[in-house]
Amino acid sequence: MDEPVQPGWFTRLVSRRAVLATGTAGLAVPVATTLGPVVPRHAASAQAGVVKRITLYAEALPDNLYGYGLAPGQATVPGPILEIYEGDTLEITLVNNTDRRMSIHPHGVDYGVESDGSPLNASFNNPGETRTYTWRSREMTATAGRRLMPGNAGYWHYHDHAMGTDHGSLGIARGLYGALIVRRRGDILPDKQFTVVFNEMTINNRIAPHTPMFEANLGQRVEWIAIGHGNQFHTFHLHAHRWADNRTGMLEGPADPSQVVDNKDLNPGSSFGFQVLAGEGVGPGAWMYHCHVQSHSETGMSGIFLVRNGDGTMPPGAQEAVDRFHGHDHGAAAAQAPPVHAPAEGDGQHQHSPSR
Amino acid sequence: MDEPVQPGWFTRLVSRRAVLATGTAGLAVPVATTLGPVVPRHAASAQAGVVKRITLYAEALPDNLYGYGLAPGQATVPGPILEIYEGDTLEITLVNNTDRRMSIHPHGVDYGVESDGSPLNASFNNPGETRTYTWRSREMTATAGRRLMPGNAGYWHYHDHAMGTDHGSLGIARGLYGALIVRRRGDILPDKQFTVVFNEMTINNRIAPHTPMFEANLGQRVEWIAIGHGNQFHTFHLHAHRWADNRTGMLEGPADPSQVVDNKDLNPGSSFGFQVLAGEGVGPGAWMYHCHVQSHSETGMSGIFLVRNGDGTMPPGAQEAVDRFHGHDHGAAAAQAPPVHAPAEGDGQHQHSPSR
Amino acid sequence: MDEPVQPGWFTRLVSRRAVLATGTAGLAVPVATTLGPVVPRHAASAQAGVVKRITLYAEALPDNLYGYGLAPGQATVPGPILEIYEGDTLEITLVNNTDRRMSIHPHGVDYGVESDGSPLNASFNNPGETRTYTWRSREMTATAGRRLMPGNAGYWHYHDHAMGTDHGSLGIARGLYGALIVRRRGDILPDKQFTVVFNEMTINNRIAPHTPMFEANLGQRVEWIAIGHGNQFHTFHLHAHRWADNRTGMLEGPADPSQVVDNKDLNPGSSFGFQVLAGEGVGPGAWMYHCHVQSHSETGMSGIFLVRNGDGTMPPGAQEAVDRFHGHDHGAAAAQAPPVHAPAEGDGQHQHSPSR
């Protein structure tokens with residue numbers, strides 16, 4: 001038995017732009033028997049999973065962009081953050097309101113060939129067509145030698161795999177992508193979430209000074225999901241904050257050997273995520289995030305992470321920095337490469353539901 | 001005392017294209033005293049190692065390629081998978097049957113300057129010349145603070161370092177490369193092994209649709225060894241399967257902090273490996289593997305991982321997908337860049353010996 | 001109370017080109033209360049930190065380079081290795097003796113917006129100007145679920161963020177960069193340290209055969225700090241040595257899952273470090289280190305790690321290899337791209353103080 005999408009639940013989802021697939025009291029339904037034909041669930045990890053059904057609408061947007069949205073007229077670049085727990089299943093009814101062939105292809109989760117999203121497997125939506133894609137997930141399972149085959153938990157992403165070419169290069173170039181999070185039970189939930197996609201020479205298909213300004217109050221737990229797309233190599237750098245280069249960005253214990261980084265490769269098809277406490281140890285202010293490839297930051301791949309005071313007021317100097325950024329012309333390159341998308345309040349960021 | 005290569009043993013090696021350096025009953029010989037002048041073996045890790053001797057033949061192949069092979073006339077691109085356990089020594093007699101200077105240079109193992117494979121150290125084979133290279137390995141050793149200096153276990157590779165230039169750029173470009181695995185005792189052995197080399201804009205010096213089609217039956221334990229070469233950056237992506245980004249691709253325990261990935265940077269000189277259970281949780285079918293740099297997948301850096309049913313029969317839709325792939329013209333790029341090597345049954349993949 | 005810089009201490013620093021911020025008996029001063037307004041120090045990790053004050057001088061150098069130095073006339077490319085323990089604070093008085101705007105921006109440590117080093121935050125030195133930058137550090141702190149927010153320990157780096165552009169691209173291109181190490185208490189200290197910066201198509205702004213020749217005696221514990229800068233992607237490869245791909249390069253215990261590597265991506269803004277025992281298991285000799293992108297090694301991104309005998313004498317064949325390297329013309333490329341800096345004894349390498 002699946003969970004029907006309730007209008008109220010849906011509206012709330014749209015307003016905060018995340019799909020939280022579990023934890024809504026009374027809606028969780030065990031689906032252990034539907035999770036795939038090959039691998040029996042490992043006893044110790046047999047958690048109840050739920051099936052969530054959502055509808056995504058693919059639409060054309062201004063400036064030659066396309067986007068995914070949770071309701072008609074609500075498409076954004078990047079698309080909504082989709083979020084489940086290991087064990088859950090996500091059924092996505094994709095409505096193609098564009099005039100081109102397109103699909104949705106996920107990283108990190110389990111799906112059959114019919115949900116592959118690739119023309120190779122005839123898994124896509126023709127113009128005007130509606131098609132359902134099923135993504136499943138499971139926890140780690142024991143194998144020989146006390147090792148475990150990994151589960152699906154991770155900071156993943158989804159994207160088109162059919163528009164323009166059999167690899168979806170046109171759909172990706174024009175904005176058909178978004179973040180997908182599969183959490184382990186017990187993972188720490190954030191206060192806010194930011195999706196940062198280094199796509200070709202843009203951030204979320206925009207260039208400075210029109211790149212997203214991500215905002216948080218001092219001390220808030222902020223989750224970054226970073227995704228790479230396109231044809232260029234990139235390195236994501238965040239000023240004054242750092243994270244462990246592992247699954248969560250935090251150390252799993254004092255002996256966790258992970259390197260701590262503040263700059264990480266972000267190449268096409270890859271993704272990672274981490275949580276920081278905004279301004280921890282450094283104070284509030286306008287902090288840069290940018291691609292550290294010099295010619296990329298110079299031509300527009302930079303933005304601001306605005307850490308406000310704990311009460312939401314602006315710290316000294318921050319407005320001046322923001323104004324400076326917007327007056328920033330990035331030299332001749334900016335004149336040659338106008339912004340591909342007008343700035344919009346809230347794109348790529350949203351409040352995370354604390355109700356779990 | 002070394003282990004002589006037995007004709008039967010050798011023939012078997014050639015047929016499955018792997019060199020298994022240990023575990024053949026009655027042939028193992030301790031060589032602890034020959035493992036190098038600098039570091040005494042750590043008591044707790046003093047395993048018996050063996051010395052294996054193989055002969056590799058470097059040969060010219062059609063389409064301007066060169067390859068390494070375990071017998072005359074058997075050279076392939078990539079070369080055979082070489083595989084030992086930590087503690088073992090591999091003595092390679094390299095016969096240069098090409099008309100150019102060339103060598104063999106390994107990653108990850110121990111070797112003296114005379115086995116460096118570099119012209120810098122006058123370590124190479126002139127045309128027609130035979131030369132022996134010795135690669136050693138050892139387990140991790142204790143150092144201060146309860147830390148350990150790493151041993152040699154890993155998914156490594158070998159390649160020419162002398163053809164054309166002092167860095168072997170010509171030899172690498174034309175196919176002189178292969179996988180090298182050093183296992184820790186207790187590592188899980190696979191049923192099948194695939195070598196995938198992203199070399200310049202090719203996979204194993206081929207482009208789609210002539211890239212290798214790797215095949216396994218549902219549930220088989222398949223080991224992928226991914227190697228990068230050339231001048232381009234790449235990202236390796238496999239559909240519907242994932243692995244831990246650590247030494248084995250599996251989690252070493254429930255607290256292993258490693259990120260789980262299905263897309264990973266694969267840049268020149270780097271390598272990694274992992275094991276998946278074919279079709280686990282997703283079912284059989286024709287699954288894509290490809291470089292996720294969009295322009296690279298578009299111009300031929302993609303292939304098929306064909307997961308058959310458990311009994312080896314074709315699952316529904318798989319043949320159609322394979323046919324679609326072979327009819328796939330990859331646009332104008334394919335016309336400009338014809339396949340550099342005719343497809344051959346079995347290249348880059350083989351059965352792993354379960355006899356250990 | 002801060003620690004005044006003593007002339008003797010300073011002179012010693014200059015001679016070995018490292019700033020050791022802790023452990024000098026009698027100078028350590030607890031500064032726990034000054035480490036930042038946001039996060040109270042975690043009880044279990046409340047170590048006494050010290051405040052160290054140094055002065056850095058930015059200067060023009062021959063060949064259109066700029067450098068940081070610990071005394072006037074002492075600037076080098078790369079700049080001096082700066083080194084502290086978690087908990088320490090480093091106050092840097094930067095004297096800009098160039099005729100251009102410039103700054104110092106660190107990775108990995110904590111700093112307020114006024115020490116960001118970015119024009120965005122009006123944090124830079126005009127020509128002739130002196131300005132103080134404060135970098136703080138702290139240990140890991142507990143958070144929910146037995147996880148820990150990471151501390152600042154790591155192999156980091158610093159660089160200009162203001163010369164030429166708001167991202168410091170000119171300053172970085174011309175040599176304004178260096179290594180920054182934050183150690184955890186208990187970390188193993190090396191005998192020698194080498195800084196290797198892959199900056200655009202150079203190593204430490206030089207090309208072969210003028211790249212640094214790093215030297216050690218057999219068995220010495222050598223620390224490599226590798227830093228990427230510029231606009232190109234790179235992979236750092238070291239012959240005959242390897243390291244764990246984690247924070248220290250060593251395994252934290254027998255179950256540490258880290259991959260062991262001898263080739264690693266080194267892209268703009270990233271850094272990593274590791275320690276090897278020179279020639280361990282392989283013997284002395286002239287070992288190559290180079291970018292493994294073939295066209296990069298071919299055009300000059302390679303150098304020699306000379307491992308001498310334990311008594312400092314030259315091993316057989318090493319001088320011949322060094323001579324061969326210096327006669328190495330790297331083909332036409334070398335003629336087109338003359339060395340950007342004359343070779344200098346000791347650049348990028350120095351003895352580490354054992355006195356801690």
# chains A, B, ... in the order shown; residues from 1 in each chain; ligands from 1
>>> residues_around(residues="Asn96 of chain A", least_positions_apart="5", cutoff="6 Å", atoms="only C-alpha atoms", output="list in words")
Ala58, Pro127, Gly128 and Glu129 of chain A
>>> residues_around(residues="Thr248 of chain C", least_positions_apart="6", cutoff="12 Å", atoms="only C-alpha atoms", output="VMD selection string")
(chain A and resid 255 to 260) or (chain B and resid 145 147 to 150) or (chain C and resid 153 to 155 181 to 184 186 to 190 223 to 225 256 258 260 272 to 276)
>>> closest_residue(among="C:Gly348, C:Gly171, C:Pro315, C:Gly151", to="chain B", atoms="only C-alpha atoms")
C:Pro315
>>> atom_distance(atom1="atom CA of Glu59 of chain B", atom2="atom CA of Asn205 of chain B")
15.6 Å
>>> interface_residues(of="chain B", to="chain A", cutoff="7 Å", atoms="only C-alpha atoms", output="JSON, numbers by chain")
{"B": [188, 235, 240, 242, 243, 244, 250, 251, 252, 253, 257, 258, 259, 260, 261, 262, 263, 264, 280, 281, 282, 283, 285, 292, 293, 294, 295, 298, 321, 324, 325]}
>>> write_last_selection(atoms="C-alpha atoms", output="mmCIF file, in the first residue's frame")
data_model
loop_
_atom_site.group_PDB
_atom_site.id
_atom_site.type_symbol
_atom_site.label_atom_id
_atom_site.label_comp_id
_atom_site.auth_asym_id
_atom_site.auth_seq_id
_atom_site.Cartn_x
_atom_site.Cartn_y
_atom_site.Cartn_z
ATOM 1 C CA ILE B 188 36.952 -11.030 -1.224
ATOM 2 C CA THR B 235 34.553 10.956 -14.688
ATOM 3 C CA ALA B 240 22.308 1.421 -11.254
ATOM 4 C CA ARG B 242 27.478 2.100 -6.658
ATOM 5 C CA TRP B 243 30.496 1.585 -4.426
ATOM 6 C CA ALA B 244 32.263 2.988 -1.394
ATOM 7 C CA MET B 250 32.877 -2.039 0.229
ATOM 8 C CA LEU B 251 32.304 -0.642 3.692
ATOM 9 C CA GLU B 252 34.813 -2.004 6.196
ATOM 10 C CA GLY B 253 32.172 -1.865 8.937
ATOM 11 C CA PRO B 257 32.793 6.982 6.951
ATOM 12 C CA SER B 258 33.474 6.604 3.228
ATOM 13 C CA GLN B 259 31.258 8.362 0.760
ATOM 14 C CA VAL B 260 29.342 6.011 -1.516
ATOM 15 C CA VAL B 261 29.599 7.036 -5.161
ATOM 16 C CA ASP B 262 28.533 5.993 -8.641
ATOM 17 C CA ASN B 263 30.619 8.616 -10.451
ATOM 18 C CA LYS B 264 34.296 9.235 -9.817
ATOM 19 C CA GLU B 280 21.717 -6.271 -7.209
ATOM 20 C CA GLY B 281 18.501 -4.554 -6.205
ATOM 21 C CA VAL B 282 17.854 -3.361 -9.730
ATOM 22 C CA GLY B 283 17.537 -6.469 -11.835
ATOM 23 C CA GLY B 285 19.370 -5.455 -18.210
ATOM 24 C CA HIS B 292 30.020 11.758 -17.493
ATOM 25 C CA VAL B 293 31.774 14.665 -19.170
ATOM 26 C CA GLN B 294 28.981 15.325 -21.623
ATOM 27 C CA SER B 295 31.084 15.963 -24.699
ATOM 28 C CA GLU B 298 28.575 12.168 -26.805
ATOM 29 C CA ALA B 321 18.985 -1.986 -25.991
ATOM 30 C CA ARG B 324 19.979 0.369 -30.221
ATOM 31 C CA PHE B 325 23.474 1.008 -28.918
#
>>> residues_around(residues="Asn204 of chain A", least_positions_apart="4", cutoff="7 Å", atoms="only C-alpha atoms", output="list in words")
Val77, Pro78, Val196, Val197, Phe198 and Asn199 of chain A
>>> write_last_selection(atoms="all heavy atoms", output="CSV table (one decimal), in the first residue's frame")
chain,number,residue,atom,x,y,z
A,77,VAL,N,15.5,26.2,-11.5
A,77,VAL,CA,16.8,25.7,-11.8
A,77,VAL,C,17.7,26.1,-10.6
A,77,VAL,O,17.9,27.3,-10.3
A,77,VAL,CB,17.4,26.4,-13.1
A,77,VAL,CG1,18.8,25.9,-13.3
A,77,VAL,CG2,16.5,26.0,-14.3
A,78,PRO,N,18.2,25.1,-9.9
A,78,PRO,CA,17.9,23.7,-10.0
A,78,PRO,C,16.5,23.3,-9.6
A,78,PRO,O,15.8,24.1,-9.0
A,78,PRO,CB,19.0,23.1,-9.0
A,78,PRO,CG,19.3,24.1,-8.0
A,78,PRO,CD,19.1,25.4,-8.8
A,196,VAL,N,24.1,23.8,-5.0
A,196,VAL,CA,25.0,24.5,-5.8
A,196,VAL,C,25.5,23.6,-7.0
A,196,VAL,O,26.1,22.6,-6.8
A,196,VAL,CB,26.3,24.9,-5.0
A,196,VAL,CG1,27.2,25.7,-5.9
A,196,VAL,CG2,25.9,25.7,-3.8
A,197,VAL,N,25.1,24.0,-8.2
A,197,VAL,CA,25.4,23.2,-9.4
A,197,VAL,C,26.4,23.9,-10.2
A,197,VAL,O,26.1,25.0,-10.7
A,197,VAL,CB,24.2,22.8,-10.2
A,197,VAL,CG1,24.5,21.9,-11.3
A,197,VAL,CG2,23.1,22.2,-9.3
A,198,PHE,N,27.6,23.4,-10.3
A,198,PHE,CA,28.6,24.0,-11.3
A,198,PHE,C,28.4,23.3,-12.6
A,198,PHE,O,28.8,22.2,-12.9
A,198,PHE,CB,30.0,23.6,-10.8
A,198,PHE,CG,30.5,24.5,-9.7
A,198,PHE,CD1,29.7,25.4,-9.0
A,198,PHE,CD2,31.9,24.5,-9.3
A,198,PHE,CE1,30.2,26.2,-7.9
A,198,PHE,CE2,32.4,25.3,-8.3
A,198,PHE,CZ,31.5,26.2,-7.6
A,199,ASN,N,27.7,24.1,-13.5
A,199,ASN,CA,27.2,23.5,-14.8
A,199,ASN,C,27.9,24.3,-15.9
A,199,ASN,O,27.6,25.5,-16.1
A,199,ASN,CB,25.7,23.6,-14.9
A,199,ASN,CG,25.2,23.0,-16.1
A,199,ASN,OD1,25.8,22.1,-16.7
A,199,ASN,ND2,24.0,23.4,-16.5
>>> residues_around(residues="Gly79 of chain C", least_positions_apart="4", cutoff="7 Å", atoms="only C-alpha atoms", output="ChimeraX atom specification")
/C:67-69,75,177-178
>>> write_last_selection(atoms="C-alpha atoms", output="PDB file, in the first residue's frame")
ATOM      1  CA  GLY C  67      57.045  36.065  -3.317  1.00  0.00           C
ATOM      2  CA  TYR C  68      56.339  36.042   0.393  1.00  0.00           C
ATOM      3  CA  GLY C  69      59.300  35.977   2.795  1.00  0.00           C
ATOM      4  CA  ALA C  75      60.971  36.190  -0.484  1.00  0.00           C
ATOM      5  CA  TYR C 177      51.478  31.117  -2.528  1.00  0.00           C
ATOM      6  CA  GLY C 178      52.774  28.725   0.113  1.00  0.00           C
TER       7      GLY C 178
END
>>> select_by_dssp(residues="segment 65-192 of chain A", states="strand (DSSP E or B)", output="PyMOL selection string")
chain A and resi 65-69+76+81-85+89-96+102+105-106+110+125+130-136+141-142+148-149+154-159+177-183+192
>>> write_last_selection(atoms="N, CA and C atoms", output="compact mmCIF listing (two decimals), in the first residue's frame")
# COMPACT_ATOMS: atom_id res chain seq x y z
N LEU A 65 15.93 28.26 -20.74
CA LEU A 65 16.12 27.23 -19.72
C LEU A 65 14.93 26.28 -19.67
N TYR A 66 15.18 25.14 -19.03
CA TYR A 66 14.12 24.21 -18.66
C TYR A 66 14.28 23.91 -17.18
N GLY A 67 13.17 23.50 -16.54
CA GLY A 67 13.27 23.16 -15.13
C GLY A 67 12.29 22.08 -14.74
N TYR A 68 12.58 21.45 -13.59
CA TYR A 68 11.63 20.54 -12.96
C TYR A 68 10.94 21.29 -11.83
N GLY A 69 9.63 21.04 -11.63
CA GLY A 69 8.93 21.65 -10.51
C GLY A 69 7.92 20.70 -9.92
N THR A 76 11.93 25.28 -11.39
CA THR A 76 13.09 26.09 -11.01
C THR A 76 14.38 25.43 -11.50
N ILE A 81 14.81 19.85 -4.17
CA ILE A 81 15.59 18.82 -3.48
C ILE A 81 14.66 17.65 -3.17
N LEU A 82 15.03 16.46 -3.64
CA LEU A 82 14.26 15.25 -3.30
C LEU A 82 15.01 14.52 -2.20
N GLU A 83 14.25 14.06 -1.20
CA GLU A 83 14.93 13.56 0.00
C GLU A 83 14.18 12.36 0.57
N ILE A 84 14.89 11.26 0.75
CA ILE A 84 14.29 10.08 1.36
C ILE A 84 15.26 9.48 2.37
N TYR A 85 14.78 8.48 3.11
CA TYR A 85 15.63 7.69 3.98
C TYR A 85 15.93 6.35 3.32
N THR A 89 11.01 4.22 -0.96
CA THR A 89 10.84 4.20 -2.41
C THR A 89 10.20 5.52 -2.83
N LEU A 90 10.66 6.05 -3.93
CA LEU A 90 10.10 7.29 -4.45
C LEU A 90 9.53 7.00 -5.84
N GLU A 91 8.23 7.21 -5.97
CA GLU A 91 7.60 7.06 -7.28
C GLU A 91 7.36 8.43 -7.87
N ILE A 92 7.98 8.70 -8.98
CA ILE A 92 7.90 10.02 -9.59
C ILE A 92 7.09 9.95 -10.87
N THR A 93 5.99 10.63 -10.87
CA THR A 93 5.22 10.77 -12.10
C THR A 93 5.72 12.05 -12.78
N LEU A 94 6.39 11.85 -13.89
CA LEU A 94 7.00 12.99 -14.58
C LEU A 94 6.11 13.43 -15.74
N VAL A 95 5.65 14.66 -15.68
CA VAL A 95 4.81 15.23 -16.73
C VAL A 95 5.70 16.11 -17.60
N ASN A 96 5.80 15.76 -18.85
CA ASN A 96 6.68 16.51 -19.76
C ASN A 96 5.88 17.60 -20.47
N MET A 102 12.43 14.19 -23.12
CA MET A 102 13.27 14.37 -21.92
C MET A 102 12.96 13.24 -20.94
N HIS A 105 16.84 10.96 -14.64
CA HIS A 105 17.79 9.88 -14.34
C HIS A 105 18.45 10.18 -13.00
N PRO A 106 18.36 9.26 -12.03
CA PRO A 106 18.95 9.53 -10.72
C PRO A 106 20.33 8.92 -10.55
N ASP A 110 18.30 2.84 -6.46
CA ASP A 110 18.07 1.63 -7.25
C ASP A 110 16.87 1.83 -8.19
N ASN A 125 10.31 10.44 -21.64
CA ASN A 125 9.00 11.01 -21.96
C ASN A 125 9.07 11.74 -23.30
N THR A 130 3.35 11.64 -20.08
CA THR A 130 3.53 11.43 -18.63
C THR A 130 4.02 10.00 -18.42
N ARG A 131 5.01 9.84 -17.54
CA ARG A 131 5.61 8.53 -17.32
C ARG A 131 6.05 8.44 -15.86
N THR A 132 5.95 7.26 -15.28
CA THR A 132 6.31 7.09 -13.88
C THR A 132 7.66 6.38 -13.76
N TYR A 133 8.52 6.95 -12.92
CA TYR A 133 9.84 6.40 -12.63
C TYR A 133 9.87 5.98 -11.16
N THR A 134 10.40 4.81 -10.87
CA THR A 134 10.43 4.31 -9.50
C THR A 134 11.87 4.17 -9.03
N TRP A 135 12.17 4.86 -7.94
CA TRP A 135 13.51 4.80 -7.36
C TRP A 135 13.40 4.14 -6.00
N ARG A 136 14.19 3.12 -5.75
CA ARG A 136 14.17 2.42 -4.47
C ARG A 136 15.48 2.65 -3.73
N THR A 141 24.29 -3.99 3.47
CA THR A 141 24.04 -5.41 3.73
C THR A 141 25.37 -6.13 3.93
N ALA A 142 25.34 -7.08 4.87
CA ALA A 142 26.57 -7.81 5.19
C ALA A 142 27.03 -8.66 4.02
N LEU A 148 30.68 -4.84 4.28
CA LEU A 148 29.28 -4.57 3.95
C LEU A 148 29.20 -3.97 2.55
N MET A 149 28.23 -4.45 1.79
CA MET A 149 27.94 -3.79 0.52
C MET A 149 27.21 -2.50 0.88
N GLY A 154 23.45 8.94 0.67
CA GLY A 154 24.43 9.82 0.05
C GLY A 154 23.79 11.11 -0.42
N TYR A 155 24.66 12.04 -0.77
CA TYR A 155 24.24 13.28 -1.41
C TYR A 155 24.33 13.07 -2.92
N TRP A 156 23.19 12.77 -3.52
CA TRP A 156 23.15 12.42 -4.93
C TRP A 156 22.49 13.53 -5.73
N HIS A 157 22.11 13.17 -6.95
CA HIS A 157 21.45 14.16 -7.80
C HIS A 157 20.68 13.46 -8.90
N TYR A 158 19.86 14.21 -9.58
CA TYR A 158 19.09 13.68 -10.72
C TYR A 158 19.22 14.67 -11.86
N HIS A 159 19.00 14.19 -13.07
CA HIS A 159 19.10 15.07 -14.24
C HIS A 159 18.45 14.41 -15.44
N TYR A 177 18.17 19.61 -13.76
CA TYR A 177 18.96 18.90 -12.76
C TYR A 177 18.52 19.34 -11.36
N GLY A 178 18.86 18.52 -10.38
CA GLY A 178 18.53 18.86 -9.00
C GLY A 178 19.20 17.91 -8.04
N ALA A 179 19.05 18.17 -6.74
CA ALA A 179 19.70 17.37 -5.70
C ALA A 179 18.78 16.26 -5.21
N LEU A 180 19.38 15.15 -4.85
CA LEU A 180 18.67 13.99 -4.30
C LEU A 180 19.45 13.53 -3.07
N ILE A 181 18.78 13.50 -1.94
CA ILE A 181 19.46 13.09 -0.70
C ILE A 181 18.84 11.80 -0.20
N VAL A 182 19.67 10.81 0.07
CA VAL A 182 19.22 9.60 0.75
C VAL A 182 19.92 9.57 2.10
N ARG A 183 19.15 9.66 3.16
CA ARG A 183 19.75 9.72 4.49
C ARG A 183 19.75 8.35 5.16
N LYS A 192 18.87 24.60 7.09
CA LYS A 192 18.67 25.11 5.74
C LYS A 192 19.48 24.27 4.77
>>> closest_residue(among="C:Gly87, C:Pro209, C:Ile54, C:Thr313", to="Ala71 of chain C", atoms="only C-alpha atoms")
C:Ile54
>>> closest_residue(among="C:Gly312, C:Asp191, C:Leu176, C:Ser302", to="Leu218 of chain C", atoms="only C-alpha atoms")
C:Gly312
>>> select_by_dssp(residues="segment 20-192 of chain A", states="helix (DSSP H, G or I)", output="PDB file with N, CA and C atoms, in the first residue's frame")
ATOM      1  N   ALA A  32       9.113  -3.510   2.675  1.00  0.00           N
ATOM      2  CA  ALA A  32      10.320  -4.329   2.570  1.00  0.00           C
ATOM      3  C   ALA A  32      10.202  -5.377   1.473  1.00  0.00           C
ATOM      4  N   THR A  33       9.020  -5.860   1.246  1.00  0.00           N
ATOM      5  CA  THR A  33       8.885  -6.936   0.266  1.00  0.00           C
ATOM      6  C   THR A  33       8.899  -6.426  -1.164  1.00  0.00           C
ATOM      7  N   THR A  34       8.876  -5.154  -1.354  1.00  0.00           N
ATOM      8  CA  THR A  34       8.836  -4.645  -2.729  1.00  0.00           C
ATOM      9  C   THR A  34      10.160  -4.046  -3.169  1.00  0.00           C
ATOM     10  N   ALA A  43      18.856  -8.709   7.931  1.00  0.00           N
ATOM     11  CA  ALA A  43      18.003  -8.715   9.120  1.00  0.00           C
ATOM     12  C   ALA A  43      18.228  -7.492   9.995  1.00  0.00           C
ATOM     13  N   ALA A  44      19.500  -7.218  10.288  1.00  0.00           N
ATOM     14  CA  ALA A  44      19.801  -6.144  11.240  1.00  0.00           C
ATOM     15  C   ALA A  44      19.412  -4.782  10.698  1.00  0.00           C
ATOM     16  N   SER A  45      19.204  -4.693   9.405  1.00  0.00           N
ATOM     17  CA  SER A  45      18.902  -3.381   8.858  1.00  0.00           C
ATOM     18  C   SER A  45      17.479  -3.304   8.314  1.00  0.00           C
ATOM     19  N   VAL A 113      15.529  -1.110 -15.370  1.00  0.00           N
ATOM     20  CA  VAL A 113      15.840  -0.504 -16.664  1.00  0.00           C
ATOM     21  C   VAL A 113      14.706   0.398 -17.160  1.00  0.00           C
ATOM     22  N   GLU A 114      13.467   0.097 -16.764  1.00  0.00           N
ATOM     23  CA  GLU A 114      12.334   0.902 -17.232  1.00  0.00           C
ATOM     24  C   GLU A 114      12.340   2.283 -16.584  1.00  0.00           C
ATOM     25  N   SER A 115      13.078   2.448 -15.488  1.00  0.00           N
ATOM     26  CA  SER A 115      13.185   3.750 -14.817  1.00  0.00           C
ATOM     27  C   SER A 115      14.572   4.360 -14.974  1.00  0.00           C
ATOM     28  N   PRO A 119      17.472   6.842 -23.195  1.00  0.00           N
ATOM     29  CA  PRO A 119      16.976   6.322 -24.475  1.00  0.00           C
ATOM     30  C   PRO A 119      17.484   4.910 -24.754  1.00  0.00           C
ATOM     31  N   LEU A 120      18.664   4.568 -24.252  1.00  0.00           N
ATOM     32  CA  LEU A 120      19.167   3.206 -24.450  1.00  0.00           C
ATOM     33  C   LEU A 120      18.116   2.195 -24.038  1.00  0.00           C
ATOM     34  N   ASN A 121      17.452   2.460 -22.916  1.00  0.00           N
ATOM     35  CA  ASN A 121      16.420   1.551 -22.421  1.00  0.00           C
ATOM     36  C   ASN A 121      15.011   2.055 -22.724  1.00  0.00           C
ATOM     37  N   ALA A 144      30.902 -11.077   2.861  1.00  0.00           N
ATOM     38  CA  ALA A 144      31.980 -11.855   3.471  1.00  0.00           C
ATOM     39  C   ALA A 144      32.976 -10.955   4.207  1.00  0.00           C
ATOM     40  N   GLY A 145      33.648 -11.534   5.152  1.00  0.00           N
ATOM     41  CA  GLY A 145      34.783 -10.873   5.787  1.00  0.00           C
ATOM     42  C   GLY A 145      34.408  -9.657   6.611  1.00  0.00           C
ATOM     43  N   ARG A 146      33.251  -9.651   7.182  1.00  0.00           N
ATOM     44  CA  ARG A 146      32.759  -8.528   7.993  1.00  0.00           C
ATOM     45  C   ARG A 146      32.618  -7.250   7.187  1.00  0.00           C
ATOM     46  N   SER A 169      22.511  15.837 -22.962  1.00  0.00           N
ATOM     47  CA  SER A 169      23.406  16.990 -22.843  1.00  0.00           C
ATOM     48  C   SER A 169      22.668  18.319 -22.974  1.00  0.00           C
ATOM     49  N   LEU A 170      21.649  18.368 -23.807  1.00  0.00           N
ATOM     50  CA  LEU A 170      20.921  19.623 -23.965  1.00  0.00           C
ATOM     51  C   LEU A 170      20.102  19.927 -22.713  1.00  0.00           C
ATOM     52  N   GLY A 171      19.416  18.907 -22.202  1.00  0.00           N
ATOM     53  CA  GLY A 171      18.605  19.132 -21.003  1.00  0.00           C
ATOM     54  C   GLY A 171      19.445  19.572 -19.821  1.00  0.00           C
ATOM     55  N   ILE A 172      20.600  18.950 -19.661  1.00  0.00           N
ATOM     56  CA  ILE A 172      21.490  19.324 -18.557  1.00  0.00           C
ATOM     57  C   ILE A 172      22.004  20.746 -18.749  1.00  0.00           C
ATOM     58  N   ALA A 173      22.431  21.051 -19.962  1.00  0.00           N
ATOM     59  CA  ALA A 173      22.977  22.390 -20.218  1.00  0.00           C
ATOM     60  C   ALA A 173      21.942  23.464 -19.902  1.00  0.00           C
TER      61      ALA A 173
END
>>> atom_distance(atom1="atom CA of Asp311 of chain B", atom2="atom CA of His210 of chain B")
26.2 Å
>>> atom_distance(atom1="atom CA of Ala318 of chain B", atom2="atom CA of Tyr289 of chain B")
14.9 Å
